[in-house]
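Visitor: You'll find work_28.cif just under this line, and it carries mmCIF, C-alpha atoms and all ligand atoms.
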```cif
data_my_file
#
loop_
_atom_site.group_PDB
_atom_site.id
_atom_site.type_symbol
_atom_site.label_atom_id
_atom_site.label_comp_id
_atom_site.auth_asym_id
_atom_site.auth_seq_id
_atom_site.Cartn_x
_atom_site.Cartn_y
_atom_site.Cartn_z
ATOM 1 C CA MET W 1 19.456 15.895 -6.124
ATOM 2 C CA SER W 2 18.016 12.752 -7.737
ATOM 3 C CA ARG W 3 15.692 13.106 -10.730
ATOM 4 C CA ASN W 4 13.134 10.815 -9.065
ATOM 5 C CA LEU W 5 11.892 10.675 -5.500
ATOM 6 C CA VAL W 6 10.094 7.523 -4.289
ATOM 7 C CA PHE W 7 8.453 6.936 -0.899
ATOM 8 C CA ILE W 8 7.231 3.414 -0.111
ATOM 9 C CA THR W 9 5.463 2.506 3.119
ATOM 10 C CA GLY W 10 5.976 -1.163 3.957
ATOM 11 C CA GLY W 11 9.204 -1.286 1.962
ATOM 12 C CA SER W 12 10.715 -3.752 4.457
ATOM 13 C CA SER W 13 8.862 -6.809 3.184
ATOM 14 C CA GLY W 14 6.740 -8.422 0.489
ATOM 15 C CA ILE W 15 5.294 -6.250 -2.263
ATOM 16 C CA GLY W 16 6.781 -3.031 -0.842
ATOM 17 C CA LEU W 17 10.294 -4.485 -0.797
ATOM 18 C CA ALA W 18 9.784 -5.860 -4.325
ATOM 19 C CA LEU W 19 8.668 -2.382 -5.451
ATOM 20 C CA ALA W 20 11.809 -0.830 -3.958
ATOM 21 C CA ARG W 21 13.977 -3.429 -5.715
ATOM 22 C CA THR W 22 12.349 -2.937 -9.118
ATOM 23 C CA VAL W 23 12.050 0.863 -9.278
ATOM 24 C CA PRO W 24 12.297 1.554 -13.020
ATOM 25 C CA PHE W 25 14.119 4.921 -12.765
ATOM 26 C CA ASP W 26 17.914 5.264 -12.973
ATOM 27 C CA ASP W 27 18.485 8.318 -10.891
ATOM 28 C CA VAL W 28 16.328 7.819 -7.821
ATOM 29 C CA GLN W 29 16.185 8.423 -4.094
ATOM 30 C CA ILE W 30 14.080 5.730 -2.376
ATOM 31 C CA TYR W 31 12.725 5.953 1.159
ATOM 32 C CA ASP W 32 11.219 2.942 2.915
ATOM 33 C CA ILE W 33 8.820 3.883 5.695
ATOM 34 C CA SER W 34 8.211 0.918 7.997
ATOM 35 C CA ARG W 35 9.090 -0.393 11.447
ATOM 36 C CA ARG W 36 11.872 -2.837 10.475
ATOM 37 C CA GLY W 37 13.399 -1.317 7.341
ATOM 38 C CA SER W 38 15.620 -3.284 4.967
ATOM 39 C CA ASP W 39 19.396 -3.188 4.447
ATOM 40 C CA ASP W 40 19.241 -1.769 0.943
ATOM 41 C CA PHE W 41 17.190 1.426 1.197
ATOM 42 C CA ASP W 42 17.095 4.576 3.270
ATOM 43 C CA HIS W 43 14.750 3.878 6.140
ATOM 44 C CA ILE W 44 12.370 6.177 7.951
ATOM 45 C CA ALA W 45 11.341 4.249 11.061
ATOM 46 C CA ALA W 46 7.611 4.596 11.713
ATOM 47 C CA ASP W 47 4.820 2.617 13.305
ATOM 48 C CA LEU W 48 1.991 3.752 11.052
ATOM 49 C CA ALA W 49 -0.653 2.351 13.406
ATOM 50 C CA ASN W 50 0.394 5.152 15.751
ATOM 51 C CA PRO W 51 -1.252 8.458 14.670
ATOM 52 C CA GLU W 52 1.749 10.445 15.948
ATOM 53 C CA SER W 53 3.823 8.935 13.127
ATOM 54 C CA TRP W 54 1.450 10.419 10.534
ATOM 55 C CA ASP W 55 2.405 14.003 11.480
ATOM 56 C CA VAL W 56 6.108 13.123 11.406
ATOM 57 C CA LEU W 57 5.732 11.613 7.938
ATOM 58 C CA GLY W 58 3.664 14.570 6.749
ATOM 59 C CA GLU W 59 6.464 16.909 7.798
ATOM 60 C CA PHE W 60 9.004 14.655 6.076
ATOM 61 C CA PHE W 61 6.985 14.815 2.838
ATOM 62 C CA VAL W 62 6.993 18.616 2.943
ATOM 63 C CA GLN W 63 10.700 18.763 3.781
ATOM 64 C CA GLN W 64 11.573 16.476 0.840
ATOM 65 C CA ILE W 65 9.065 17.730 -1.740
ATOM 66 C CA GLN W 66 8.917 21.506 -1.164
ATOM 67 C CA GLY W 67 10.801 23.099 -4.051
ATOM 68 C CA TYR W 68 11.861 19.704 -5.419
ATOM 69 C CA ALA W 69 13.055 20.367 -8.975
ATOM 70 C CA GLY W 70 13.384 16.772 -10.231
ATOM 71 C CA GLU W 71 11.099 15.005 -12.719
ATOM 72 C CA ARG W 72 8.891 12.747 -10.662
ATOM 73 C CA VAL W 73 7.680 12.105 -7.114
ATOM 74 C CA VAL W 74 5.947 8.800 -6.277
ATOM 75 C CA PHE W 75 4.333 7.689 -3.041
ATOM 76 C CA VAL W 76 3.300 4.039 -2.857
ATOM 77 C CA HIS W 77 1.359 3.199 0.289
ATOM 78 C CA CYS W 78 1.860 -0.527 0.825
ATOM 79 C CA ALA W 79 1.883 -0.948 4.596
ATOM 80 C CA GLY W 80 -1.042 -3.072 5.712
ATOM 81 C CA THR W 81 -1.926 -5.840 8.117
ATOM 82 C CA LEU W 82 -4.428 -8.656 8.543
ATOM 83 C CA ASP W 83 -3.708 -8.940 12.246
ATOM 84 C CA PRO W 84 -5.855 -9.845 14.145
ATOM 85 C CA ILE W 85 -7.469 -12.469 11.889
ATOM 86 C CA GLY W 86 -10.736 -13.538 13.517
ATOM 87 C CA PHE W 87 -14.359 -12.495 13.802
ATOM 88 C CA ALA W 88 -15.271 -9.023 15.053
ATOM 89 C CA GLY W 89 -16.161 -9.253 18.720
ATOM 90 C CA GLU W 90 -13.890 -12.272 19.225
ATOM 91 C CA VAL W 91 -10.374 -10.839 18.816
ATOM 92 C CA SER W 92 -8.080 -8.595 20.865
ATOM 93 C CA ALA W 93 -9.668 -5.132 21.000
ATOM 94 C CA SER W 94 -6.273 -3.383 21.027
ATOM 95 C CA ALA W 95 -5.047 -5.336 17.979
ATOM 96 C CA TYR W 96 -8.347 -4.556 16.226
ATOM 97 C CA LYS W 97 -7.876 -0.847 16.938
ATOM 98 C CA ARG W 98 -4.343 -0.937 15.484
ATOM 99 C CA ASN W 99 -5.704 -2.667 12.378
ATOM 100 C CA VAL W 100 -8.311 0.086 11.906
ATOM 101 C CA LEU W 101 -5.698 2.812 12.395
ATOM 102 C CA LEU W 102 -3.261 1.252 9.914
ATOM 103 C CA ASN W 103 -5.667 -0.016 7.227
ATOM 104 C CA SER W 104 -8.460 2.570 7.312
ATOM 105 C CA ALA W 105 -7.116 5.790 8.804
ATOM 106 C CA ALA W 106 -3.433 5.889 7.802
ATOM 107 C CA PRO W 107 -4.064 5.716 4.012
ATOM 108 C CA GLN W 108 -6.398 8.711 4.149
ATOM 109 C CA VAL W 109 -4.264 10.837 6.459
ATOM 110 C CA LEU W 110 -1.000 10.027 4.645
ATOM 111 C CA GLY W 111 -2.673 10.469 1.260
ATOM 112 C CA ASP W 112 -3.881 13.906 2.342
ATOM 113 C CA ALA W 113 -0.402 14.796 3.645
ATOM 114 C CA PHE W 114 1.228 13.688 0.387
ATOM 115 C CA LEU W 115 -1.182 15.712 -1.763
ATOM 116 C CA ASP W 116 -0.522 18.760 0.412
ATOM 117 C CA ALA W 117 3.230 18.337 -0.112
ATOM 118 C CA ALA W 118 2.736 17.606 -3.838
ATOM 119 C CA HIS W 119 1.363 21.145 -4.324
ATOM 120 C CA ARG W 120 4.830 22.418 -3.507
ATOM 121 C CA THR W 121 6.666 20.981 -6.525
ATOM 122 C CA ARG W 122 6.342 21.202 -10.283
ATOM 123 C CA ALA W 123 7.491 17.591 -10.675
ATOM 124 C CA GLN W 124 4.882 15.068 -11.844
ATOM 125 C CA CYS W 125 3.362 13.350 -8.817
ATOM 126 C CA HIS W 126 1.861 9.871 -8.426
ATOM 127 C CA LEU W 127 0.102 8.373 -5.440
ATOM 128 C CA LEU W 128 -0.540 4.617 -5.495
ATOM 129 C CA MET W 129 -2.343 2.766 -2.741
ATOM 130 C CA LEU W 130 -2.334 -1.001 -2.319
ATOM 131 C CA SER W 131 -5.888 -2.247 -2.265
ATOM 132 C CA SER W 132 -7.274 -5.778 -2.484
ATOM 133 C CA GLY W 133 -10.134 -7.903 -3.758
ATOM 134 C CA ALA W 134 -11.169 -7.685 -0.083
ATOM 135 C CA ALA W 135 -12.331 -4.122 -0.822
ATOM 136 C CA THR W 136 -15.342 -5.522 -2.669
ATOM 137 C CA HIS W 137 -15.713 -9.057 -1.269
ATOM 138 C CA ALA W 138 -16.467 -10.137 2.318
ATOM 139 C CA TYR W 139 -13.949 -12.518 3.896
ATOM 140 C CA GLU W 140 -15.124 -13.711 7.319
ATOM 141 C CA GLY W 141 -12.279 -13.083 9.762
ATOM 142 C CA TRP W 142 -10.996 -9.962 7.999
ATOM 143 C CA SER W 143 -13.693 -7.375 8.854
ATOM 144 C CA SER W 144 -11.389 -4.411 9.541
ATOM 145 C CA TYR W 145 -9.056 -5.346 6.664
ATOM 146 C CA CYS W 146 -11.980 -5.509 4.186
ATOM 147 C CA ALA W 147 -13.336 -2.209 5.530
ATOM 148 C CA GLY W 148 -9.888 -0.604 5.267
ATOM 149 C CA LYS W 149 -9.431 -1.622 1.632
ATOM 150 C CA ALA W 150 -12.965 -0.435 0.765
ATOM 151 C CA ALA W 151 -12.008 2.893 2.373
ATOM 152 C CA VAL W 152 -8.837 3.029 0.276
ATOM 153 C CA ASN W 153 -10.832 2.558 -2.945
ATOM 154 C CA GLN W 154 -13.376 5.209 -2.041
ATOM 155 C CA TRP W 155 -10.703 7.666 -0.893
ATOM 156 C CA VAL W 156 -8.731 7.151 -4.118
ATOM 157 C CA SER W 157 -11.831 7.513 -6.265
ATOM 158 C CA THR W 158 -12.769 10.810 -4.574
ATOM 159 C CA ALA W 159 -9.263 12.284 -4.300
ATOM 160 C CA GLY W 160 -8.633 11.302 -7.944
ATOM 161 C CA ALA W 161 -11.804 13.150 -9.040
ATOM 162 C CA GLU W 162 -10.632 16.186 -7.062
ATOM 163 C CA GLN W 163 -7.256 16.085 -8.805
ATOM 164 C CA VAL W 164 -9.046 16.133 -12.174
ATOM 165 C CA LEU W 165 -10.771 19.367 -11.100
ATOM 166 C CA ARG W 166 -7.370 20.757 -10.080
ATOM 167 C CA GLY W 167 -5.714 19.969 -13.424
ATOM 168 C CA ASN W 168 -4.398 16.458 -12.646
ATOM 169 C CA HIS W 169 -1.264 17.588 -10.834
ATOM 170 C CA CYS W 170 -1.126 14.263 -8.962
ATOM 171 C CA ARG W 171 -2.454 10.979 -10.302
ATOM 172 C CA VAL W 172 -4.055 8.804 -7.640
ATOM 173 C CA LEU W 173 -4.614 5.053 -8.158
ATOM 174 C CA ALA W 174 -5.691 2.051 -6.077
ATOM 175 C CA VAL W 175 -4.186 -1.304 -7.058
ATOM 176 C CA ALA W 176 -5.278 -4.819 -6.120
ATOM 177 C CA PRO W 177 -2.244 -7.056 -6.705
ATOM 178 C CA GLY W 178 -3.894 -10.505 -6.680
ATOM 179 C CA ILE W 179 -2.690 -13.304 -4.392
ATOM 180 C CA VAL W 180 1.032 -12.655 -3.905
ATOM 181 C CA ALA W 181 3.651 -14.877 -2.205
ATOM 182 C CA THR W 182 4.485 -12.743 0.850
ATOM 183 C CA ALA W 183 4.519 -13.060 4.645
ATOM 184 C CA MET W 184 0.878 -11.948 4.642
ATOM 185 C CA GLN W 185 -0.143 -15.054 2.677
ATOM 186 C CA ALA W 186 1.869 -17.290 5.034
ATOM 187 C CA GLU W 187 -0.027 -15.741 7.938
ATOM 188 C CA ILE W 188 -3.350 -16.524 6.202
ATOM 189 C CA ARG W 189 -2.424 -20.189 5.646
ATOM 190 C CA ASN W 190 -1.402 -20.511 9.310
ATOM 191 C CA THR W 191 -4.798 -19.362 10.605
ATOM 192 C CA PRO W 192 -7.237 -21.982 11.913
ATOM 193 C CA ALA W 193 -10.517 -22.318 9.975
ATOM 194 C CA ASP W 194 -12.659 -21.231 12.921
ATOM 195 C CA ARG W 195 -10.969 -17.802 12.715
ATOM 196 C CA PHE W 196 -10.721 -17.725 8.910
ATOM 197 C CA PRO W 197 -13.251 -20.100 7.282
ATOM 198 C CA GLN W 198 -11.901 -19.603 3.723
ATOM 199 C CA VAL W 199 -8.380 -20.743 4.696
ATOM 200 C CA ALA W 200 -8.618 -24.022 2.706
ATOM 201 C CA ARG W 201 -8.917 -22.100 -0.582
ATOM 202 C CA PHE W 202 -5.719 -20.126 0.165
ATOM 203 C CA LYS W 203 -3.845 -23.315 1.123
ATOM 204 C CA GLU W 204 -4.995 -24.933 -2.115
ATOM 205 C CA MET W 205 -3.806 -21.988 -4.225
ATOM 206 C CA TYR W 206 -0.414 -22.181 -2.481
ATOM 207 C CA GLU W 207 -0.148 -25.947 -3.029
ATOM 208 C CA HIS W 208 -1.022 -25.502 -6.715
ATOM 209 C CA GLY W 209 1.687 -22.840 -7.131
ATOM 210 C CA GLN W 210 -0.887 -20.137 -7.921
ATOM 211 C CA LEU W 211 0.588 -17.331 -5.817
ATOM 212 C CA ARG W 212 2.020 -14.450 -7.764
ATOM 213 C CA ASP W 213 5.715 -13.540 -7.589
ATOM 214 C CA PRO W 214 6.196 -10.201 -5.716
ATOM 215 C CA GLU W 215 8.716 -8.784 -8.219
ATOM 216 C CA THR W 216 6.461 -9.610 -11.207
ATOM 217 C CA VAL W 217 3.619 -7.852 -9.423
ATOM 218 C CA ALA W 218 5.882 -4.914 -8.555
ATOM 219 C CA ARG W 219 6.858 -4.452 -12.218
ATOM 220 C CA GLU W 220 3.186 -4.499 -13.197
ATOM 221 C CA ILE W 221 2.501 -1.816 -10.589
ATOM 222 C CA TRP W 222 5.346 0.395 -11.858
ATOM 223 C CA ALA W 223 4.040 -0.031 -15.422
ATOM 224 C CA LEU W 224 0.768 1.616 -14.333
ATOM 225 C CA LEU W 225 2.578 4.963 -14.090
ATOM 226 C CA ASP W 226 2.892 5.043 -17.884
ATOM 227 C CA ARG W 227 -0.659 3.916 -18.569
ATOM 228 C CA ASP W 228 -3.431 6.274 -19.582
ATOM 229 C CA LEU W 229 -5.640 5.394 -16.599
ATOM 230 C CA PRO W 230 -8.312 7.747 -15.288
ATOM 231 C CA ASN W 231 -7.388 9.616 -12.138
ATOM 232 C CA GLY W 232 -8.924 7.799 -9.144
ATOM 233 C CA ALA W 233 -9.078 4.395 -10.888
ATOM 234 C CA PHE W 234 -9.101 1.070 -9.067
ATOM 235 C CA VAL W 235 -6.958 -1.409 -11.015
ATOM 236 C CA ASP W 236 -7.198 -5.134 -10.265
ATOM 237 C CA LEU W 237 -4.067 -6.708 -11.741
ATOM 238 C CA ARG W 238 -5.918 -10.040 -12.117
ATOM 239 C CA GLU W 239 -8.316 -8.580 -14.663
ATOM 240 C CA PRO W 240 -7.331 -9.165 -18.291
ATOM 241 C CA THR W 241 -7.499 -5.452 -19.099
ATOM 242 C CA ALA W 242 -5.178 -4.501 -16.199
HETATM 243 N N1 LIG W 301 0.093 -10.544 -0.449
HETATM 244 C C1 LIG W 301 -1.110 -10.507 -0.991
HETATM 245 O O1 LIG W 301 -1.614 -11.530 -1.508
HETATM 246 C C2 LIG W 301 -1.893 -9.215 -1.025
HETATM 247 C C3 LIG W 301 -3.131 -9.233 -1.668
HETATM 248 C C4 LIG W 301 -3.877 -8.058 -1.716
HETATM 249 C C5 LIG W 301 -3.376 -6.898 -1.150
HETATM 250 N N2 LIG W 301 -2.176 -6.907 -0.528
HETATM 251 C C6 LIG W 301 -1.712 -5.653 0.071
HETATM 252 O O2 LIG W 301 -0.377 -5.389 -0.302
HETATM 253 C C7 LIG W 301 0.276 -4.632 0.733
HETATM 254 C C8 LIG W 301 1.584 -5.293 1.080
HETATM 255 O O3 LIG W 301 1.308 -6.585 1.630
HETATM 256 P P1 LIG W 301 2.356 -7.787 1.598
HETATM 257 O O4 LIG W 301 1.639 -8.968 1.118
HETATM 258 O O5 LIG W 301 3.593 -7.336 0.936
HETATM 259 O O6 LIG W 301 2.554 -8.003 3.176
HETATM 260 P P2 LIG W 301 3.840 -8.166 4.081
HETATM 261 O O7 LIG W 301 4.926 -8.908 3.401
HETATM 262 O O8 LIG W 301 3.301 -8.694 5.368
HETATM 263 O O9 LIG W 301 4.332 -6.658 4.277
HETATM 264 C C9 LIG W 301 3.575 -5.753 5.023
HETATM 265 C C10 LIG W 301 4.368 -4.468 5.100
HETATM 266 O O10 LIG W 301 3.581 -3.542 5.869
HETATM 267 C C11 LIG W 301 4.416 -2.956 6.843
HETATM 268 N N3 LIG W 301 3.659 -2.677 8.060
HETATM 269 C C12 LIG W 301 2.796 -3.486 8.720
HETATM 270 N N4 LIG W 301 2.380 -2.904 9.834
HETATM 271 C C13 LIG W 301 2.990 -1.685 9.895
HETATM 272 C C14 LIG W 301 2.995 -0.625 10.827
HETATM 273 N N5 LIG W 301 2.266 -0.684 11.953
HETATM 274 N N6 LIG W 301 3.743 0.467 10.565
HETATM 275 C C15 LIG W 301 4.498 0.539 9.444
HETATM 276 N N7 LIG W 301 4.543 -0.440 8.524
HETATM 277 C C16 LIG W 301 3.801 -1.537 8.765
HETATM 278 C C17 LIG W 301 5.471 -4.026 7.170
HETATM 279 O O11 LIG W 301 6.659 -3.397 7.647
HETATM 280 P P3 LIG W 301 7.210 -3.524 9.150
HETATM 281 O O12 LIG W 301 6.715 -4.823 9.698
HETATM 282 O O13 LIG W 301 8.689 -3.435 8.983
HETATM 283 O O14 LIG W 301 6.644 -2.342 9.854
HETATM 284 C C18 LIG W 301 5.707 -4.646 5.804
HETATM 285 O O15 LIG W 301 6.715 -3.970 5.112
HETATM 286 C C19 LIG W 301 -0.716 -4.565 1.895
HETATM 287 O O16 LIG W 301 -1.378 -3.326 1.868
HETATM 288 C C20 LIG W 301 -1.687 -5.685 1.598
HETATM 289 O O17 LIG W 301 -2.946 -5.435 2.149
HETATM 290 C C21 LIG W 301 -1.413 -8.046 -0.437
#
```
Using the file provided, produce a representation of the structure as structure tokens.
Guide:
Amino acid sequence: MSRNLVFITGGSSGIGLALARTVPFDDVQIYDISRRGSDDFDHIAADLANPESWDVLGEFFVQQIQGYAGERVVFVHCAGTLDPIGFAGEVSASAYKRNVLLNSAAPQVLGDAFLDAAHRTRAQCHLLMLSSGAATHAYEGWSSYCAGKAAVNQWVSTAGAEQVLRGNHCRVLAVAPGIVATAMQAEIRNTPADRFPQVARFKEMYEHGQLRDPETVAREIWALLDRDLPNGAFVDLREPTA
């Protein structure tokens, strides 16, 4: 048995993959939960826009965490999508529904499943959810993404307050990583302005080399585990205090 157990959704790409590569614990079992997986980590194949996958993952959490006698269990929920970028009422209804399921519903259902499993171990437990500046700022063309990230912040804030009342067994945090050089940013830059009017600003940041390096961001996220942050906090890594 490893001393640390780490579950990362979206560990196949971008920030999730960078998190898997920079895990700061020596003795660790890492699971990537995504559709594609990566060559380097144990992969649980799941389409998290499909609600049936949530039950499967919930059962996997229980199976792995029940009676776990290591030091630490961490769940980082990174999986997210911008697709379909475009105004509400003008994009594919089925793609919009998948976006809502992945960005708004999956974090809550998987967060609930993880906290249920976390009751079953004495190890210290951490739940981190990737949020965004889009949680508090409207970007035309990203309505369901913005709503999903706002939901993440509110879920984390409430579940964190509940954990305080239950003796802080699991610490729950939401993290906005800033503008990070991943496939998601490439997708933004490739979107026409009539579907995403603020695209010019993102192209300009890219051209000026202002995108953040995923592994630097990942190390900053791991460092949050050692910080004395209130349970349920929303941390924006771009803020000087972060
Ligand atoms: N990059 C940024 O500037 C930025 C800024 C703010 C917040 N964020 C947040 O950071 C997180 C990671 O984004 P990223 O930039 O690293 O994007 P990315 O490179 O596009 O990675 C997205 C990850 O989500 C997974 N994913 C997408 N749809 C999925 C599905 N239906 N089922 C399971 N997994 C799915 C993908 O895995 P598969 O395709 O293999 O399934 C992939 O590993 C997201 O929550 C995003 O909202 C990113």
Visitor: Kindly compile the residues surrounding ligand LIG 301 (chain W) within 7 Å, counting only C-alpha atoms and all ligand atoms, and format them as a short mmCIF file (atom, residue, chain, number, x, y, z; two decimals) with C-alpha atoms, in the frame of the given file.
Guide:
```cif
data_model
loop_
_atom_site.label_atom_id
_atom_site.label_comp_id
_atom_site.auth_asym_id
_atom_site.auth_seq_id
_atom_site.Cartn_x
_atom_site.Cartn_y
_atom_site.Cartn_z
CA THR W 9 5.46 2.51 3.12
CA GLY W 10 5.98 -1.16 3.96
CA GLY W 11 9.20 -1.29 1.96
CA SER W 12 10.72 -3.75 4.46
CA SER W 13 8.86 -6.81 3.18
CA GLY W 14 6.74 -8.42 0.49
CA ILE W 15 5.29 -6.25 -2.26
CA GLY W 16 6.78 -3.03 -0.84
CA LEU W 17 10.29 -4.49 -0.80
CA ILE W 33 8.82 3.88 5.70
CA SER W 34 8.21 0.92 8.00
CA ARG W 35 9.09 -0.39 11.45
CA ARG W 36 11.87 -2.84 10.48
CA GLY W 37 13.40 -1.32 7.34
CA ALA W 46 7.61 4.60 11.71
CA ASP W 47 4.82 2.62 13.30
CA LEU W 48 1.99 3.75 11.05
CA ALA W 49 -0.65 2.35 13.41
CA CYS W 78 1.86 -0.53 0.82
CA ALA W 79 1.88 -0.95 4.60
CA GLY W 80 -1.04 -3.07 5.71
CA THR W 81 -1.93 -5.84 8.12
CA LEU W 102 -3.26 1.25 9.91
CA LEU W 130 -2.33 -1.00 -2.32
CA SER W 131 -5.89 -2.25 -2.26
CA SER W 132 -7.27 -5.78 -2.48
CA GLY W 133 -10.13 -7.90 -3.76
CA ALA W 176 -5.28 -4.82 -6.12
CA PRO W 177 -2.24 -7.06 -6.70
CA GLY W 178 -3.89 -10.50 -6.68
CA ILE W 179 -2.69 -13.30 -4.39
CA VAL W 180 1.03 -12.66 -3.90
CA ALA W 181 3.65 -14.88 -2.20
CA THR W 182 4.49 -12.74 0.85
CA ALA W 183 4.52 -13.06 4.64
CA MET W 184 0.88 -11.95 4.64
CA GLN W 185 -0.14 -15.05 2.68
#
```
Visitor: Any chance you could work out the residue set of the PyMOL selection byres (((chain W and resi 216) around 10) and not hetatm) here, as a compact mmCIF listing (two decimals) with C-alpha atoms, in the frame of the given file?
Guide:
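So the final result, stored in selection.txt, reads:
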```
# COMPACT_ATOMS: atom_id res chain seq x y z
CA ILE W 15 5.29 -6.25 -2.26
CA ALA W 18 9.78 -5.86 -4.32
CA LEU W 19 8.67 -2.38 -5.45
CA THR W 22 12.35 -2.94 -9.12
CA VAL W 180 1.03 -12.66 -3.90
CA ARG W 212 2.02 -14.45 -7.76
CA ASP W 213 5.72 -13.54 -7.59
CA PRO W 214 6.20 -10.20 -5.72
CA GLU W 215 8.72 -8.78 -8.22
CA VAL W 217 3.62 -7.85 -9.42
CA ALA W 218 5.88 -4.91 -8.56
CA ARG W 219 6.86 -4.45 -12.22
CA GLU W 220 3.19 -4.50 -13.20
CA ILE W 221 2.50 -1.82 -10.59
```
Visitor: Need the shell around region 165-174 of chain W: protein/DNA/RNA residues with any atom at most 7 Å away, counting all atoms listed in the file. Skip same-chain ones fewer than 5 positions apart. Format as a ChimeraX atom specification?
Guide: /W:124-131,153,156,160,231-235
Visitor: Take CA of Thr191 (chain W) and CA of Tyr206 (chain W) and report the distance between them in Å, one decimal.
Guide: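 Between these atoms lies a distance of 14.1 Å.
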Visitor: Interatomic distance between CA of Asp55 (chain W) and CA of Tyr68 (chain W)?
Guide: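 Interatomic distance here is 20.2 Å.
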Visitor: Using all atoms listed in the file, can you tell me which of W:Gln64, W:Val76, W:Asn103, W:Ala45 comes closest to Ala20 (chain W)?
Guide: W:Val76
Visitor: Which residue out of W:Val152, W:Ile8, W:Ala113, W:Ala88 has the minimum interatomic distance to Val62 (chain W) when only C-alpha atoms are used?
Guide: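 Among the listed residues, W:Ala113 lies closest to Val62 (chain W).
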Visitor: Using all atoms listed in the file, which of the listed residues (W:Ala150, W:Leu57, W:Ile65, W:Val74) sits closest to Phe7 (chain W)?
Guide: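 Under the stated criterion, the closest residue is W:Val74.
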Visitor: Considering all atoms listed in the file, state which residue in the set W:Ser38, W:Ser92, W:Asn50, W:Ser157 is at the smallest distance from Val109 (chain W).
Guide: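 Nearest to Val109 (chain W): W:Asn50.
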Visitor: Residues near Tyr139 (chain W), anyone? I mean within 9 Å using only C-alpha atoms, not counting same-chain ones fewer than 3 positions away, as an NGL selection string.
Guide: :W and (134 or 142-143 or 146 or 196-198)
Visitor: Grab the CA of Ser144 (chain W) to CA of Asp32 (chain W) distance for me, in Å with one decimal place.
Guide: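 For CA of Ser144 (chain W) relative to CA of Asp32 (chain W), the distance reads 24.7 Å.
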Visitor: Given all atoms listed in the file as the basis, pick out the residue of W:Val199, W:Ala105, W:Leu110, W:Leu211 nearest to Lys149 (chain W).
Guide: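 For Lys149 (chain W), the nearest of the given residues is W:Ala105.
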Visitor: Once 4 Å is added on each side, what are the centre and the three edge lengths, in Å to one decimal, of the axis-aligned box enclosing the listed atoms of region 128-147 of chain W? Present them as AutoDock Vina command-line options.
Guide:
```
--center_x -8.5 --center_y -4.5 --center_z 2.1 --size_x 23.9 --size_y 26.3 --size_z 23.3
```
Visitor: Taking 3 positions as the minimum chain separation for residues in the same chain, which residues sit within 6 Å of region 71-73 of chain W when counting all atoms listed in the file? Answer as a PyMOL selection string.
Guide: chain W and resi 3-6+123-125
Visitor: Applying the PyMOL selection byres (((chain W and resi 26) around 10) and not hetatm) to the file I just gave you, which residues come out? Please list them as a VMD selection string.
Guide: chain W and resid 2 to 4 23 to 25 27 to 29
Visitor: Quick one: residues within 7 Å of Phe87 (chain W), all atoms listed in the file, excluding same-chain residues fewer than 6 positions away - as number ranges by chain?
Guide: W: 140-141, 195
Visitor: Check the smallest atom-to-atom distance from each of W:Leu82, W:Ile188, W:Ala135, W:Leu115 to Ala159 (chain W) using only C-alpha atoms, then report the winner.
Guide: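 When distances to Ala159 (chain W) are compared using only C-alpha atoms, the smallest one comes from W:Leu115.
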